[in-house]
Amino acid sequence: MSDTITNRFADGDAPSEDPVDDARPAPGDEKMWTARLRGAGVRALPPSKLLPDRQPSYVASWVYIFGILSFASFIVILLSGVVLIVRGPSWWHESQVGLFFNSIHLWSVELFFFFMVLHLWGKFFMAAWRGKRALTWMTGAVTFAISIGAAFTGYLSQQNFDSQWISTQAKDGLNSVGIGALFNVLNFGQMLLWHVLLLPVFVGALIGIHLLLVRRRGVVRPLPVRTGRHARTARARTPAAPPSSEGVDR
Amino acid sequence: MLGALVNLNHTGHYLHWGFIQISVANIVVILLMVVVFVAAVAIPFRTGGRHR
């Protein structure tokens, strides 16, 4: 067995100090699935793209602050939710510390939606799907939709009169569209599991993909100014400037 | 102690306009989002000169 295994570093061929260079397979290993997968990963997201030192000037915008505030709120939601899972309903309803963590969980959700809506408005008016960024836009939109479901199942998992009222009202709506048998809001165990496992995993995964797509595709350029007073002013300042697609992504 | 300053221990207040019905709490949040959005568009973003 040992005769068939060769050590590529045995003859002093030490691994490179450069991690990108080190990602290249050894001669003869190019067709191995590990080498191909690693190569595809590094090509799609080289370290300089994954964590760049500098960003274009148009990244200096509150819109991206709103995006990262949504993400920060999501982290607080997860952490406070883990504490609530560990201690259980009687703790979050009856003890002062439990009520505090219950409130932290609620208000971080409020902030999550608040900042996510602002981020969505900003990106909508920027037409942020330009320049092959449709998937980035769609993952954000789907994250928003699934988050509504996560918040809804959270209301159903409170174990109080609110959750009873909401579930009995919602069942008629969901039955009317034919999904009541699959998604039964009167089934507390089902709703709790959707809330603490499935939906957080979906939202977390989509946020991760969304952020990686932002790194891969970059942030969308500002919309070009074509008509009106600003365009006339710009043309007057640069009468000899050739037509350029700079700053225009389609 | 904000709960002592703003009493939330009552049924919600609602606004009615034809078939539109919305709670005061929800309309306050929506208006707050609009205010923050307009402020974000209007207020310049300080960069610190570290951008390309």
# chains A, B, ... in the order shown; residues from 1 in each chain; ligands from 1

call {"tool": "select_by_dssp", "arguments": {"residues": "region 46-171 of chain A", "states": "helix (DSSP H, G or I)", "output": "MDAnalysis selection string"}}
result
chainID A and resid 47:50 57:59 62:87 89:94 96:125 134:156 161:171

call {"tool": "interface_residues", "arguments": {"of": "chain A", "to": "chain B", "cutoff": "6 Å", "atoms": "only C-alpha atoms", "output": "NGL selection string"}}
result
:A and (54-57 or 61-62)

call {"tool": "write_last_selection", "arguments": {"atoms": "N, CA and C atoms", "output": "compact mmCIF listing (two decimals), in the first residue's frame"}}
result
# COMPACT_ATOMS: atom_id res chain seq x y z
N ARG A 54 -9.92 47.52 0.03
CA ARG A 54 -10.57 48.77 -0.37
C ARG A 54 -11.79 48.49 -1.22
N GLN A 55 -12.71 49.45 -1.20
CA GLN A 55 -13.95 49.31 -1.96
C GLN A 55 -14.11 50.54 -2.86
N PRO A 56 -14.90 50.42 -3.93
CA PRO A 56 -15.18 51.61 -4.76
C PRO A 56 -15.85 52.71 -3.94
N SER A 57 -15.70 53.94 -4.41
CA SER A 57 -16.21 55.07 -3.62
C SER A 57 -17.72 55.00 -3.40
N SER A 61 -22.12 54.31 1.44
CA SER A 61 -23.55 54.64 1.38
C SER A 61 -24.23 54.01 2.59
N TRP A 62 -25.28 54.69 3.06
CA TRP A 62 -26.04 54.16 4.18
C TRP A 62 -26.75 52.87 3.82

call {"tool": "closest_atom_pairs", "arguments": {"of": "region 131-196 of chain A", "to": "region 68-78 of chain A", "cutoff": "12 Å", "atoms": "only C-alpha atoms", "output": "tab-separated table"}}
result
residue	atom	partner	partner_atom	distance
A:Gly140	CA	A:Ser70	CA	11.3
A:Thr143	CA	A:Ser70	CA	11.3
A:Phe144	CA	A:Ser70	CA	10.7
A:Ser147	CA	A:Phe74	CA	10.2
A:Ala150	CA	A:Ile77	CA	11.2
A:Ala151	CA	A:Ile77	CA	10.7
A:Gly154	CA	A:Ile77	CA	11.3
A:His195	CA	A:Leu78	CA	11.2
A:Val196	CA	A:Leu78	CA	9.3

call {"tool": "residues_around", "arguments": {"residues": "Asp172 (chain A)", "least_positions_apart": "5", "cutoff": "12 Å", "atoms": "only C-alpha atoms", "output": "PyMOL selection string"}}
result
chain A and resi 165-167+177-181+183-186

call {"tool": "residues_around", "arguments": {"residues": "region 13-17 of chain B", "least_positions_apart": "6", "cutoff": "10 Å", "atoms": "only C-alpha atoms", "output": "PDB file with N, CA and C atoms, in the first residue's frame"}}
result
ATOM      1  N   SER B  23     -52.770  49.320  12.613  1.00  0.00           N
ATOM      2  CA  SER B  23     -52.551  49.697  14.013  1.00  0.00           C
ATOM      3  C   SER B  23     -51.626  50.912  14.069  1.00  0.00           C
ATOM      4  N   VAL B  24     -51.789  51.686  15.127  1.00  0.00           N
ATOM      5  CA  VAL B  24     -50.942  52.881  15.298  1.00  0.00           C
ATOM      6  C   VAL B  24     -49.476  52.475  15.386  1.00  0.00           C
ATOM      7  N   ALA B  25     -49.214  51.360  16.071  1.00  0.00           N
ATOM      8  CA  ALA B  25     -47.826  50.902  16.211  1.00  0.00           C
ATOM      9  C   ALA B  25     -47.209  50.629  14.842  1.00  0.00           C
ATOM     10  N   ASN B  26     -47.962  49.979  13.962  1.00  0.00           N
ATOM     11  CA  ASN B  26     -47.415  49.652  12.643  1.00  0.00           C
ATOM     12  C   ASN B  26     -47.196  50.903  11.801  1.00  0.00           C
ATOM     13  N   ILE B  27     -48.139  51.836  11.845  1.00  0.00           N
ATOM     14  CA  ILE B  27     -47.973  53.044  11.027  1.00  0.00           C
ATOM     15  C   ILE B  27     -46.809  53.880  11.551  1.00  0.00           C
TER      16      ILE B  27
END

call {"tool": "atom_distance", "arguments": {"atom1": "CA of Asp162 (chain A)", "atom2": "CA of Gly204 (chain A)"}}
result
26.9 Å

call {"tool": "select_by_dssp", "arguments": {"residues": "chain B", "states": "strand (DSSP E or B)", "output": "number ranges by chain"}}
result
B: 14-17, 20-23

call {"tool": "atom_distance", "arguments": {"atom1": "CA of Pro200 (chain A)", "atom2": "CA of Ile65 (chain A)"}}
result
22.3 Å

call {"tool": "atom_distance", "arguments": {"atom1": "CA of Leu45 (chain A)", "atom2": "CA of Ala141 (chain A)"}}
result
22.8 Å
